[in-house]
$ cat final_17.csv   # CSV, C-alpha atoms and all ligand atoms
chain,number,residue,atom,x,y,z
A,161,MET,CA,115.2,84.4,164.6
A,162,GLU,CA,117.5,87.2,165.3
A,163,LEU,CA,121.3,87.2,164.5
A,164,SER,CA,123.8,89.9,165.5
A,165,ARG,CA,126.2,91.2,162.9
A,166,GLU,CA,128.9,89.0,164.5
A,167,GLN,CA,126.7,85.8,164.4
A,168,TRP,CA,125.7,86.5,160.8
A,169,SER,CA,129.2,87.2,159.5
A,170,GLU,CA,130.4,83.9,161.1
A,171,LEU,CA,128.2,82.2,158.5
A,172,ARG,CA,130.6,83.4,155.9
A,173,LYS,CA,132.8,80.4,156.7
A,174,ASN,CA,130.0,78.2,155.1
A,175,THR,CA,130.0,80.2,151.9
A,176,PRO,CA,131.9,78.4,149.2
A,177,LEU,CA,131.9,81.5,146.9
A,178,THR,CA,134.6,84.0,147.8
A,179,LEU,CA,135.7,87.0,145.9
A,180,THR,CA,139.2,87.6,144.4
A,181,ALA,CA,140.9,90.9,144.8
A,182,ASP,CA,140.1,91.7,141.2
A,183,GLU,CA,136.4,90.9,141.7
A,184,LEU,CA,136.3,93.1,144.8
A,185,GLU,CA,137.9,95.9,142.7
A,186,GLU,CA,135.2,95.4,140.1
A,187,LEU,CA,132.5,95.7,142.7
A,188,ARG,CA,134.0,99.0,143.9
A,189,GLY,CA,133.5,100.2,140.3
A,190,LEU,CA,129.7,99.8,140.8
A,191,GLU,CA,129.4,103.4,141.8
A,192,ASP,CA,127.9,102.3,145.1
A,193,PRO,CA,129.9,103.6,148.0
A,194,ILE,CA,129.5,100.2,149.8
A,195,ASP,CA,132.3,99.1,152.1
A,196,LEU,CA,134.0,96.0,151.0
A,197,THR,CA,134.0,94.4,154.5
A,198,GLU,CA,130.3,94.8,154.3
A,199,VAL,CA,130.2,92.8,151.0
A,200,THR,CA,132.2,89.9,152.5
A,201,ASP,CA,130.6,89.8,156.0
A,202,ILE,CA,127.0,90.5,155.2
A,203,TYR,CA,126.2,90.1,151.5
A,204,LEU,CA,128.2,87.0,150.7
A,205,PRO,CA,126.4,84.9,153.4
A,206,LEU,CA,123.1,86.4,152.2
A,207,THR,CA,123.8,85.2,148.6
A,208,ARG,CA,124.6,81.7,150.1
A,209,LEU,CA,121.2,81.6,151.8
A,210,LEU,CA,119.5,82.7,148.6
A,211,ASN,CA,121.5,80.1,146.6
A,212,LEU,CA,120.4,77.3,148.9
A,213,HIS,CA,116.8,78.6,148.9
A,214,PHE,CA,116.9,78.8,145.1
A,215,THR,CA,118.0,75.1,144.9
A,216,GLY,CA,115.2,74.1,147.3
A,217,SER,CA,112.6,75.9,145.1
A,218,LYS,CA,113.9,74.1,142.0
A,219,GLN,CA,113.6,70.8,143.8
A,220,ARG,CA,110.0,71.6,144.8
A,221,SER,CA,109.0,72.4,141.3
A,222,SER,CA,110.6,69.2,140.0
A,223,VAL,CA,108.5,67.2,142.5
A,224,LEU,CA,105.4,68.8,141.0
A,225,SER,CA,106.6,67.9,137.4
A,226,ALA,CA,107.3,64.3,138.4
A,227,PHE,CA,103.8,64.1,139.9
A,228,LEU,CA,102.2,65.6,136.8
A,229,GLY,CA,104.3,63.2,134.6
A,230,HIS,CA,105.7,65.9,132.3
A,231,PRO,CA,108.8,68.1,132.5
A,232,GLY,CA,108.0,71.5,133.7
A,233,GLY,CA,109.5,74.6,132.1
A,234,ARG,CA,112.0,76.7,133.9
A,235,VAL,CA,110.4,78.8,136.5
A,236,PRO,CA,112.2,82.1,137.4
A,237,TYR,CA,112.9,82.7,141.1
A,238,ILE,CA,111.5,86.0,142.3
A,239,LEU,CA,113.2,88.0,145.0
A,240,GLY,CA,111.4,91.1,146.4
A,241,ILE,CA,113.3,93.9,148.2
A,242,ALA,CA,111.2,96.4,150.2
A,243,GLY,CA,111.9,99.4,152.5
A,244,SER,CA,111.7,103.2,152.7
A,245,VAL,CA,112.8,105.8,150.1
A,246,ALA,CA,116.6,106.3,150.7
A,247,VAL,CA,117.1,103.3,153.0
A,248,GLY,CA,119.4,101.6,150.5
A,249,LYS,CA,117.1,99.3,148.5
A,250,SER,CA,118.6,100.1,145.1
A,251,THR,CA,122.2,99.7,146.5
A,252,THR,CA,121.3,96.3,148.1
A,253,ALA,CA,119.5,95.2,144.9
A,254,ARG,CA,122.4,96.2,142.6
A,255,LEU,CA,124.9,94.4,144.8
A,256,LEU,CA,122.8,91.2,145.1
A,257,HIS,CA,122.3,91.4,141.3
A,258,THR,CA,126.1,91.3,140.8
A,259,LEU,CA,126.8,88.8,143.5
A,260,LEU,CA,124.0,86.3,142.7
A,261,ALA,CA,125.0,86.2,139.0
A,262,ARG,CA,128.4,84.8,140.1
A,263,TRP,CA,126.8,81.5,141.2
A,264,PRO,CA,126.9,78.8,138.5
A,265,GLU,CA,123.3,77.7,139.3
A,266,HIS,CA,121.8,81.1,138.5
A,267,PRO,CA,124.0,83.2,136.2
A,268,HIS,CA,121.1,85.1,134.6
A,269,VAL,CA,119.8,87.7,137.1
A,270,GLU,CA,117.6,90.6,136.1
A,271,LEU,CA,116.5,93.6,138.2
A,272,ILE,CA,113.4,95.7,137.9
A,273,THR,CA,112.3,98.6,140.1
A,274,THR,CA,108.6,99.3,140.7
A,275,ASP,CA,108.8,102.9,139.7
A,276,SER,CA,108.3,101.5,136.2
A,277,PHE,CA,104.7,100.8,137.3
A,278,LEU,CA,104.0,104.3,138.7
A,279,HIS,CA,101.0,105.9,137.0
A,280,PRO,CA,102.3,108.7,134.5
A,281,ASN,CA,102.2,112.2,136.0
A,282,ALA,CA,99.1,113.1,133.8
A,283,VAL,CA,97.2,110.3,135.5
A,284,LEU,CA,98.4,111.2,139.0
A,285,GLU,CA,97.4,114.9,138.3
A,286,ALA,CA,93.9,113.8,137.0
A,287,LYS,CA,93.4,111.8,140.2
A,288,GLY,CA,94.7,114.7,142.3
A,289,ILE,CA,97.5,112.6,143.9
A,290,MET,CA,100.6,114.1,142.4
A,291,HIS,CA,101.9,114.8,145.9
A,292,ARG,CA,101.5,111.1,146.8
A,293,LYS,CA,104.0,109.6,144.4
A,294,GLY,CA,105.3,106.4,146.0
A,295,PHE,CA,102.1,105.8,148.0
A,296,PRO,CA,100.3,102.5,147.1
A,297,GLU,CA,97.6,104.3,145.1
A,298,SER,CA,100.2,106.0,142.8
A,299,TYR,CA,101.1,102.6,141.2
A,300,ASP,CA,99.3,100.6,138.5
A,301,ARG,CA,99.2,97.5,140.8
A,302,ARG,CA,97.4,95.3,138.2
A,303,ALA,CA,100.0,96.0,135.5
A,304,LEU,CA,102.8,95.1,138.0
A,305,VAL,CA,101.0,91.9,139.0
A,306,ARG,CA,100.4,91.0,135.3
A,307,PHE,CA,104.1,91.7,134.6
A,308,VAL,CA,105.4,89.4,137.4
A,309,ALA,CA,102.8,86.7,136.5
A,310,GLU,CA,104.1,86.7,132.9
A,311,VAL,CA,107.7,86.4,134.0
A,312,LYS,CA,106.9,83.6,136.5
A,313,ALA,CA,105.0,81.7,133.7
A,314,GLY,CA,108.3,81.5,131.8
A,315,SER,CA,107.6,84.0,129.0
A,316,PRO,CA,110.7,84.4,126.9
A,317,GLU,CA,110.4,88.2,126.9
A,318,THR,CA,108.3,90.4,129.2
A,319,LEU,CA,107.9,94.1,128.6
A,320,ALA,CA,107.8,96.8,131.3
A,321,PRO,CA,107.4,100.6,131.1
A,322,VAL,CA,110.4,102.9,131.9
A,323,TYR,CA,110.4,105.6,134.6
A,324,SER,CA,112.8,108.5,134.3
A,325,HIS,CA,114.1,110.0,137.5
A,326,LEU,CA,115.4,112.9,135.4
A,327,GLU,CA,112.1,113.7,133.9
A,328,TYR,CA,110.2,112.6,137.0
A,329,ASP,CA,107.7,110.7,134.8
A,330,ILE,CA,107.0,107.6,132.9
A,331,VAL,CA,108.8,107.8,129.4
A,332,PRO,CA,106.0,107.7,126.8
A,333,GLY,CA,106.3,104.6,124.6
A,334,ALA,CA,109.6,103.4,126.1
A,335,LYS,CA,109.9,99.7,127.2
A,336,GLN,CA,112.4,97.5,128.9
A,337,THR,CA,112.6,93.8,128.4
A,338,VAL,CA,113.0,91.0,130.9
A,339,LYS,CA,114.3,87.8,129.2
A,340,ASN,CA,113.3,84.7,131.2
A,341,PRO,CA,116.0,85.1,133.9
A,342,ASP,CA,117.0,82.5,136.5
A,343,ILE,CA,116.3,85.1,139.2
A,344,LEU,CA,114.3,88.3,138.9
A,345,ILE,CA,114.9,90.9,141.6
A,346,ILE,CA,111.9,93.3,142.1
A,347,GLU,CA,112.8,96.3,144.3
A,348,GLY,CA,110.3,98.9,145.5
A,349,LEU,CA,108.7,100.7,148.4
A,350,ASN,CA,105.4,98.8,148.3
A,351,VAL,CA,106.3,95.3,147.1
A,352,LEU,CA,105.2,93.7,150.4
A,353,GLN,CA,101.8,95.5,150.4
A,354,PRO,CA,99.0,93.0,150.8
A,355,ALA,CA,96.4,92.7,147.9
A,356,PRO,CA,92.9,94.1,148.2
A,357,PRO,CA,90.3,91.4,148.9
A,358,SER,CA,89.9,88.8,146.1
A,359,SER,CA,92.9,90.1,144.1
A,360,LEU,CA,96.6,89.1,143.9
A,361,ALA,CA,99.6,91.1,145.1
A,362,VAL,CA,103.0,91.1,143.5
A,363,ASN,CA,104.4,89.3,146.6
A,364,ASP,CA,102.1,86.3,145.9
A,365,TYR,CA,104.7,85.5,143.3
A,366,PHE,CA,107.8,86.0,145.5
A,367,ASP,CA,110.0,83.1,146.4
A,368,PHE,CA,111.9,85.2,149.0
A,369,SER,CA,111.6,88.8,150.3
A,370,ILE,CA,114.0,91.2,152.1
A,371,TYR,CA,113.1,94.3,154.0
A,372,VAL,CA,115.8,96.9,154.4
A,373,ASP,CA,115.3,98.7,157.7
A,374,ALA,CA,117.0,101.6,159.6
A,375,LYS,CA,116.0,104.2,162.1
A,376,VAL,CA,113.8,107.0,160.7
A,377,GLU,CA,116.3,109.7,161.7
A,378,ASP,CA,119.1,107.9,159.9
A,379,ILE,CA,117.0,107.5,156.7
A,380,ARG,CA,116.1,111.2,156.8
A,381,THR,CA,119.8,112.1,157.0
A,382,TRP,CA,120.6,109.7,154.0
A,383,TYR,CA,117.7,111.2,152.1
A,384,VAL,CA,118.9,114.8,152.6
A,385,GLU,CA,122.5,113.8,151.8
A,386,ARG,CA,121.5,112.1,148.6
A,387,PHE,CA,119.4,115.1,147.7
A,388,HIS,CA,122.5,117.4,147.9
A,389,LYS,CA,124.5,114.9,145.9
A,390,LEU,CA,121.8,114.9,143.2
A,391,ARG,CA,121.9,118.7,143.2
A,392,ARG,CA,125.5,118.6,142.2
A,393,THR,CA,124.9,116.0,139.5
A,394,ALA,CA,121.5,115.0,138.0
A,395,PHE,CA,119.6,118.2,138.9
A,396,GLU,CA,122.1,120.3,136.9
A,397,ASP,CA,120.9,118.6,133.7
A,398,PRO,CA,118.7,121.1,131.8
A,399,LYS,CA,116.2,118.3,131.2
A,400,SER,CA,115.9,117.6,134.9
A,401,TYR,CA,112.4,118.2,136.5
A,402,PHE,CA,114.3,119.5,139.5
A,403,ARG,CA,116.7,121.8,137.7
A,404,HIS,CA,115.4,124.8,139.7
A,405,ILE,CA,116.6,123.0,142.9
A,406,ALA,CA,120.2,123.3,141.6
A,407,GLU,CA,119.9,127.1,141.9
A,408,LEU,CA,118.8,127.2,145.5
A,409,SER,CA,121.2,127.9,148.3
A,410,ASP,CA,122.4,125.0,150.4
A,411,ASP,CA,120.1,126.0,153.3
A,412,GLU,CA,117.1,126.4,151.1
A,413,ALA,CA,117.8,123.0,149.5
A,414,THR,CA,118.1,121.3,152.9
A,415,SER,CA,114.8,122.7,154.0
A,416,PHE,CA,113.1,121.7,150.7
A,417,ALA,CA,114.4,118.2,151.1
A,418,ARG,CA,113.4,118.0,154.8
A,419,ASN,CA,109.9,119.1,153.8
A,420,VAL,CA,109.5,116.5,151.0
A,421,TRP,CA,110.9,113.9,153.5
A,422,ARG,CA,108.4,114.9,156.2
A,423,ASP,CA,105.3,115.4,154.1
A,424,ILE,CA,105.7,112.5,151.6
A,425,ASN,CA,108.4,109.9,152.3
A,426,GLU,CA,108.3,109.7,156.1
A,427,ARG,CA,104.5,109.6,156.0
A,428,ASN,CA,104.5,106.8,153.4
A,429,LEU,CA,107.1,104.9,155.5
A,430,VAL,CA,105.0,105.1,158.7
A,431,GLU,CA,101.6,104.6,157.2
A,432,ASN,CA,102.3,102.0,154.5
A,433,ILE,CA,105.8,100.6,154.3
A,434,ALA,CA,106.9,99.9,157.9
A,435,PRO,CA,103.7,97.9,158.6
A,436,THR,CA,104.7,95.4,155.9
A,437,ARG,CA,108.1,94.6,157.5
A,438,GLY,CA,106.8,91.6,159.4
A,439,ARG,CA,105.8,90.0,156.1
A,440,ALA,CA,109.5,89.8,154.9
A,441,ASP,CA,111.4,86.6,155.0
A,442,LEU,CA,114.5,88.5,156.1
A,443,VAL,CA,115.1,92.0,157.6
A,444,LEU,CA,118.5,93.8,157.3
A,445,GLN,CA,118.7,96.3,160.1
A,446,LYS,CA,121.2,99.0,159.2
A,447,GLY,CA,123.1,101.4,161.6
A,448,ALA,CA,123.8,105.1,161.0
A,449,ASP,CA,126.9,104.3,158.9
A,450,HIS,CA,124.9,101.9,156.6
A,451,SER,CA,126.5,98.8,158.1
A,452,VAL,CA,124.1,96.0,158.9
A,453,ARG,CA,123.8,95.6,162.7
A,454,ARG,CA,121.3,92.8,162.9
A,455,VAL,CA,119.6,90.3,160.6
A,456,ARG,CA,116.1,88.9,161.3
A,457,LEU,CA,115.0,85.7,159.6
A,458,ARG,CA,111.5,84.3,159.5
A,459,ARG,CA,111.6,80.6,160.1
A,460,THR,CA,108.2,79.8,158.4
A,501,LIG,N1,125.6,100.0,152.1
A,501,LIG,C1,125.8,101.3,151.9
A,501,LIG,N2,126.9,102.0,152.2
A,501,LIG,C2,127.1,103.3,151.9
A,501,LIG,N3,126.1,104.1,151.4
A,501,LIG,C3,124.9,103.5,151.1
A,501,LIG,C4,124.7,102.1,151.3
A,501,LIG,N4,123.4,101.8,150.9
A,501,LIG,C5,122.9,103.0,150.5
A,501,LIG,N5,123.8,104.0,150.6
A,501,LIG,C6,123.6,105.5,150.3
A,501,LIG,O1,122.3,105.8,150.9
A,501,LIG,C7,121.5,106.6,149.9
A,501,LIG,C8,120.2,105.9,149.7
A,501,LIG,O2,120.5,104.6,149.1
A,501,LIG,P1,119.6,104.1,147.8
A,501,LIG,O3,120.1,102.7,147.5
A,501,LIG,O4,119.6,105.1,146.7
A,501,LIG,O5,118.2,104.0,148.5
A,501,LIG,P2,116.7,103.6,147.9
A,501,LIG,O6,116.9,102.8,146.7
A,501,LIG,O7,116.1,102.8,149.1
A,501,LIG,O8,116.0,105.0,147.8
A,501,LIG,C9,122.3,106.7,148.7
A,501,LIG,O9,123.0,108.0,148.7
A,501,LIG,C10,123.3,105.6,148.8
A,501,LIG,O10,124.5,105.9,148.1
A,502,LIG,C1,110.1,107.0,142.4
A,502,LIG,C2,109.8,106.7,143.9
A,502,LIG,C3,108.3,106.8,144.1
A,502,LIG,C4,110.4,105.3,144.3
A,502,LIG,O1,109.8,104.3,143.5
A,502,LIG,P1,110.0,102.7,143.6
A,502,LIG,O2,111.0,102.2,142.5
A,502,LIG,O3,110.5,102.3,145.0
A,502,LIG,O4,108.6,102.1,143.4
A,502,LIG,C5,110.6,107.7,144.8
A,502,LIG,O5,111.9,107.7,144.6
A,502,LIG,C6,110.1,109.2,144.6
A,502,LIG,O6,110.4,109.8,143.6
A,502,LIG,N1,109.3,109.7,145.5
A,502,LIG,C7,108.6,111.0,145.4
A,502,LIG,C8,109.0,111.9,146.5
A,502,LIG,C9,110.5,112.3,146.4
A,502,LIG,O7,110.8,113.0,145.4
A,502,LIG,O8,111.3,112.0,147.2

$ encode --input "final_17.csv" --output "structure tokens" --more "lines below"
Ligand SMILES: Nc1ncnc2c1ncn2[C@@H]1O[C@H](COP(=O)(O)OP(=O)(O)O)[C@@H](O)[C@H]1O
Ligand SMILES: CC(C)(COP(=O)(O)O)[C@@H](O)C(=O)NCCC(=O)O
Amino acid sequence: MELSREQWSELRKNTPLTLTADELEELRGLEDPIDLTEVTDIYLPLTRLLNLHFTGSKQRSSVLSAFLGHPGGRVPYILGIAGSVAVGKSTTARLLHTLLARWPEHPHVELITTDSFLHPNAVLEAKGIMHRKGFPESYDRRALVRFVAEVKAGSPETLAPVYSHLEYDIVPGAKQTVKNPDILIIEGLNVLQPAPPSSLAVNDYFDFSIYVDAKVEDIRTWYVERFHKLRRTAFEDPKSYFRHIAELSDDEATSFARNVWRDINERNLVENIAPTRGRADLVLQKGADHSVRRVRLRRT
């Protein structure tokens, strides 16, 4: 089912949760440059849909508990967010994290990105796939599936590794903890990738999934723009893996970013990520200015 931006934003009328001027101001402080009309027209109706779906899932699990004759434990609701590098997954995930936590039914929302489950650089080097970071084989898929299975089973605390964008590697020994949330958002390039035969995929545990989509040319522009922004910020840190990039001229940096885009990220998008779009429950189609132009919903 396909809805235009106008049809989708009409659904805002059915959304009981509205945001006060103060709350909108607080969202502006999120560091994400997201337009506030976009929040009210697109993301508020989306949280309403997720809220209804969350309630439906809870009812289904209470049916099972009634049938089994014993009260079931609380089962975290898992929301997957997929899409290309630089399409806006993290921005969407951070925004949904904040908005979903405002609903009284699910105040405890946690967010994890799948870069935590990348193999460390030493392993990627040993396998000869350092230039394929972000491709499905660069992840420890089993560790990711184990992690989600443990969260879904209601474990009070589940540990995950930590990836540092600054150091461009997994941080040895560092851990982050997910504490039995109402909703866990899992964001990453490959979260809709099907499992190899006779194994499980992370999406087998998803209650709902979103694919963030845009034209390849627009995503390339966003990638290069973000790269320049990072050059003026994170890459200047002496600890940054990319500190040498801060010293390049603007033109050299643009051509470096375009090459990384073409050889790694666009290839991964075309070969691995885009083919998983049809598996998502909902697709957000963004235009060149990041505004959502169309929403596609899977009815089944
Ligand atoms: N809704 C939006 N409005 C404006 N800019 C956005 C929006 N979503 C993403 N961006 C910008 O686009 C770039 C890529 O977004 P990001 O969320 O970092 O992508 P990803 O997590 O998919 O790599 C960033 O520079 C981000 O600030
Ligand atoms: C860390 C990433 C693989 C994204 O990981 P995700 O959290 O989506 O699993 C990606 O942002 C990345 O660093 N890719 C390598 C190529 C590049 O530097 O753009």

$ closest_atom_pairs --input "final_17.csv" --of "chain A" --to "ligand LIG 501 (chain A)" --cutoff "10 Å" --atoms "all atoms listed in the file" --output "tab-separated table"
residue	atom	partner	partner_atom	distance
A:Glu191	CA	A:LIG501	O10	8.4
A:Asp192	CA	A:LIG501	O10	5.8
A:Pro193	CA	A:LIG501	C2	4.8
A:Ile194	CA	A:LIG501	N2	4.0
A:Asp195	CA	A:LIG501	N2	6.1
A:Leu196	CA	A:LIG501	N1	9.4
A:Glu198	CA	A:LIG501	N1	7.3
A:Val199	CA	A:LIG501	N1	8.6
A:Tyr203	CA	A:LIG501	N1	9.9
A:Ile241	CA	A:LIG501	O7	9.4
A:Ala242	CA	A:LIG501	O7	8.1
A:Gly243	CA	A:LIG501	O7	6.4
A:Ser244	CA	A:LIG501	O7	5.7
A:Val245	CA	A:LIG501	O8	4.0
A:Ala246	CA	A:LIG501	O8	3.2
A:Val247	CA	A:LIG501	O7	4.1
A:Gly248	CA	A:LIG501	O3	3.3
A:Lys249	CA	A:LIG501	O7	3.7
A:Ser250	CA	A:LIG501	O6	3.6
A:Thr251	CA	A:LIG501	O3	3.8
A:Thr252	CA	A:LIG501	N4	6.5
A:Ala253	CA	A:LIG501	O3	8.0
A:Arg254	CA	A:LIG501	O3	8.5
A:Leu255	CA	A:LIG501	N1	9.2
A:Thr273	CA	A:LIG501	O6	9.1
A:Glu347	CA	A:LIG501	O6	8.1
A:Gly348	CA	A:LIG501	O6	7.8
A:Leu349	CA	A:LIG501	O7	7.7
A:Val372	CA	A:LIG501	O7	7.9
A:Asp373	CA	A:LIG501	O7	9.6
A:Asp378	CA	A:LIG501	O1	9.8
A:Ile379	CA	A:LIG501	C8	7.9
A:Arg380	CA	A:LIG501	C8	9.8
A:Thr381	CA	A:LIG501	O1	9.1
A:Trp382	CA	A:LIG501	C7	5.2
A:Tyr383	CA	A:LIG501	C8	6.3
A:Val384	CA	A:LIG501	O9	8.8
A:Glu385	CA	A:LIG501	O9	6.6
A:Arg386	CA	A:LIG501	O9	4.4
A:Phe387	CA	A:LIG501	O9	8.0
A:His388	CA	A:LIG501	O9	9.4
A:Lys389	CA	A:LIG501	O9	7.6
A:Leu390	CA	A:LIG501	O9	8.9
A:Lys446	CA	A:LIG501	N1	8.4
A:Gly447	CA	A:LIG501	N1	9.9
A:Ala448	CA	A:LIG501	N2	9.8
A:Asp449	CA	A:LIG501	C2	7.1
A:His450	CA	A:LIG501	C1	4.8
A:Ser451	CA	A:LIG501	N1	6.2
A:Val452	CA	A:LIG501	N1	8.0

$ atom_distance --input "final_17.csv" --atom1 "CA of Ala434 in chain A" --atom2 "CA of Ile272 in chain A"
21.4 Å

$ residues_around --input "final_17.csv" --residues "range 206-217 of chain A" --least-positions-apart "6" --cutoff "12 Å" --atoms "all atoms listed in the file" --output "PyMOL selection string"
chain A and resi 168-178+198-200+223-224+234-240+252-253+255-267+342-345+366-370+441-444+452+455-457

$ atom_distance --input "final_17.csv" --atom1 "CA of Gly232 in chain A" --atom2 "CA of Leu319 in chain A"
23.2 Å

$ residues_near_ligand --input "final_17.csv" --ligand "ligand LIG 502 (chain A)" --cutoff "8 Å" --atoms "all atoms listed in the file" --output "ChimeraX atom specification"
/A:242,244-246,273-278,291-295,299,323,325,328,347-350,417,420-421,424-425

$ closest_residue --input "final_17.csv" --among "A:Asp410, A:Pro341, A:Val376, A:Asp182" --to "Arg427 in chain A" --atoms "only C-alpha atoms"
A:Val376

$ atom_distance --input "final_17.csv" --atom1 "CA of Ala406 in chain A" --atom2 "CA of Ala374 in chain A"
28.4 Å

$ residues_around --input "final_17.csv" --residues "Lys287 in chain A" --least-positions-apart "4" --cutoff "10 Å" --atoms "all atoms listed in the file" --output "list in words"
Asn281, Ala282, Val283, Glu297 and Ser298 of chain A

$ write_last_selection --input "final_17.csv" --atoms "C-alpha atoms" --output "short mmCIF file (atom, residue, chain, number, x, y, z; two decimals), in the coordinates of the input"
data_model
loop_
_atom_site.label_atom_id
_atom_site.label_comp_id
_atom_site.auth_asym_id
_atom_site.auth_seq_id
_atom_site.Cartn_x
_atom_site.Cartn_y
_atom_site.Cartn_z
CA ASN A 281 102.20 112.20 136.00
CA ALA A 282 99.10 113.10 133.80
CA VAL A 283 97.20 110.30 135.50
CA GLU A 297 97.60 104.30 145.10
CA SER A 298 100.20 106.00 142.80
#

$ closest_residue --input "final_17.csv" --among "A:Asp364, A:Glu407, A:Glu270, A:Asp329" --to "Leu284 in chain A" --atoms "all atoms listed in the file"
A:Asp329

$ residues_near_point --input "final_17.csv" --point "(106.2, 87.3, 132.7)" --cutoff "12 Å" --atoms "only C-alpha atoms" --output "PDB file with C-alpha atoms, in the coordinates of the input"
ATOM      1  CA  VAL A 235     110.400  78.800 136.500  1.00  0.00           C
ATOM      2  CA  PRO A 236     112.200  82.100 137.400  1.00  0.00           C
ATOM      3  CA  TYR A 237     112.900  82.700 141.100  1.00  0.00           C
ATOM      4  CA  ILE A 238     111.500  86.000 142.300  1.00  0.00           C
ATOM      5  CA  ALA A 303     100.000  96.000 135.500  1.00  0.00           C
ATOM      6  CA  LEU A 304     102.800  95.100 138.000  1.00  0.00           C
ATOM      7  CA  VAL A 305     101.000  91.900 139.000  1.00  0.00           C
ATOM      8  CA  ARG A 306     100.400  91.000 135.300  1.00  0.00           C
ATOM      9  CA  PHE A 307     104.100  91.700 134.600  1.00  0.00           C
ATOM     10  CA  VAL A 308     105.400  89.400 137.400  1.00  0.00           C
ATOM     11  CA  ALA A 309     102.800  86.700 136.500  1.00  0.00           C
ATOM     12  CA  GLU A 310     104.100  86.700 132.900  1.00  0.00           C
ATOM     13  CA  VAL A 311     107.700  86.400 134.000  1.00  0.00           C
ATOM     14  CA  LYS A 312     106.900  83.600 136.500  1.00  0.00           C
ATOM     15  CA  ALA A 313     105.000  81.700 133.700  1.00  0.00           C
ATOM     16  CA  GLY A 314     108.300  81.500 131.800  1.00  0.00           C
ATOM     17  CA  SER A 315     107.600  84.000 129.000  1.00  0.00           C
ATOM     18  CA  PRO A 316     110.700  84.400 126.900  1.00  0.00           C
ATOM     19  CA  GLU A 317     110.400  88.200 126.900  1.00  0.00           C
ATOM     20  CA  THR A 318     108.300  90.400 129.200  1.00  0.00           C
ATOM     21  CA  LEU A 319     107.900  94.100 128.600  1.00  0.00           C
ATOM     22  CA  ALA A 320     107.800  96.800 131.300  1.00  0.00           C
ATOM     23  CA  THR A 337     112.600  93.800 128.400  1.00  0.00           C
ATOM     24  CA  VAL A 338     113.000  91.000 130.900  1.00  0.00           C
ATOM     25  CA  LYS A 339     114.300  87.800 129.200  1.00  0.00           C
ATOM     26  CA  ASN A 340     113.300  84.700 131.200  1.00  0.00           C
ATOM     27  CA  PRO A 341     116.000  85.100 133.900  1.00  0.00           C
ATOM     28  CA  LEU A 344     114.300  88.300 138.900  1.00  0.00           C
ATOM     29  CA  VAL A 362     103.000  91.100 143.500  1.00  0.00           C
ATOM     30  CA  TYR A 365     104.700  85.500 143.300  1.00  0.00           C
TER      31      TYR A 365
END

$ closest_residue --input "final_17.csv" --among "A:Leu179, A:Leu271, A:Val351, A:Ala334" --to "Arg301 in chain A" --atoms "only C-alpha atoms"
A:Val351

$ closest_residue --input "final_17.csv" --among "A:Gln353, A:Gln336, A:Gln167, A:Ser400" --to "Glu431 in chain A" --atoms "only C-alpha atoms"
A:Gln353

$ decode --input "final_17.csv" --residues "range 365-395 of chain A" --atoms "C-alpha atoms" --output "compact mmCIF listing (two decimals), in the first residue's frame"
# COMPACT_ATOMS: atom_id res chain seq x y z
CA TYR A 365 13.23 -11.59 16.02
CA PHE A 366 11.80 -8.34 14.63
CA ASP A 367 8.25 -7.26 15.44
CA PHE A 368 8.44 -4.48 12.84
CA SER A 369 10.97 -3.22 10.30
CA ILE A 370 11.57 0.06 8.49
CA TYR A 371 13.70 0.58 5.36
CA VAL A 372 14.93 4.15 4.80
CA ASP A 373 15.17 4.73 1.05
CA ALA A 374 16.31 7.51 -1.31
CA LYS A 375 17.81 7.90 -4.77
CA VAL A 376 21.43 6.71 -5.01
CA GLU A 377 22.56 10.16 -6.30
CA ASP A 378 21.00 11.87 -3.25
CA ILE A 379 22.59 9.43 -0.81
CA ARG A 380 25.97 9.99 -2.48
CA THR A 381 25.59 13.75 -1.97
CA TRP A 382 24.66 13.24 1.72
CA TYR A 383 27.63 10.90 2.16
CA VAL A 384 30.09 13.44 0.70
CA GLU A 385 28.52 16.32 2.71
CA ARG A 386 28.71 14.34 5.93
CA PHE A 387 32.33 13.44 5.12
CA HIS A 388 33.21 17.16 4.86
CA LYS A 389 31.38 17.86 8.13
CA LEU A 390 33.38 15.10 9.84
CA ARG A 391 36.61 16.56 8.42
CA ARG A 392 35.89 19.77 10.34
CA THR A 393 34.99 17.90 13.53
CA ALA A 394 35.75 14.26 14.39
CA PHE A 395 38.63 13.77 11.90
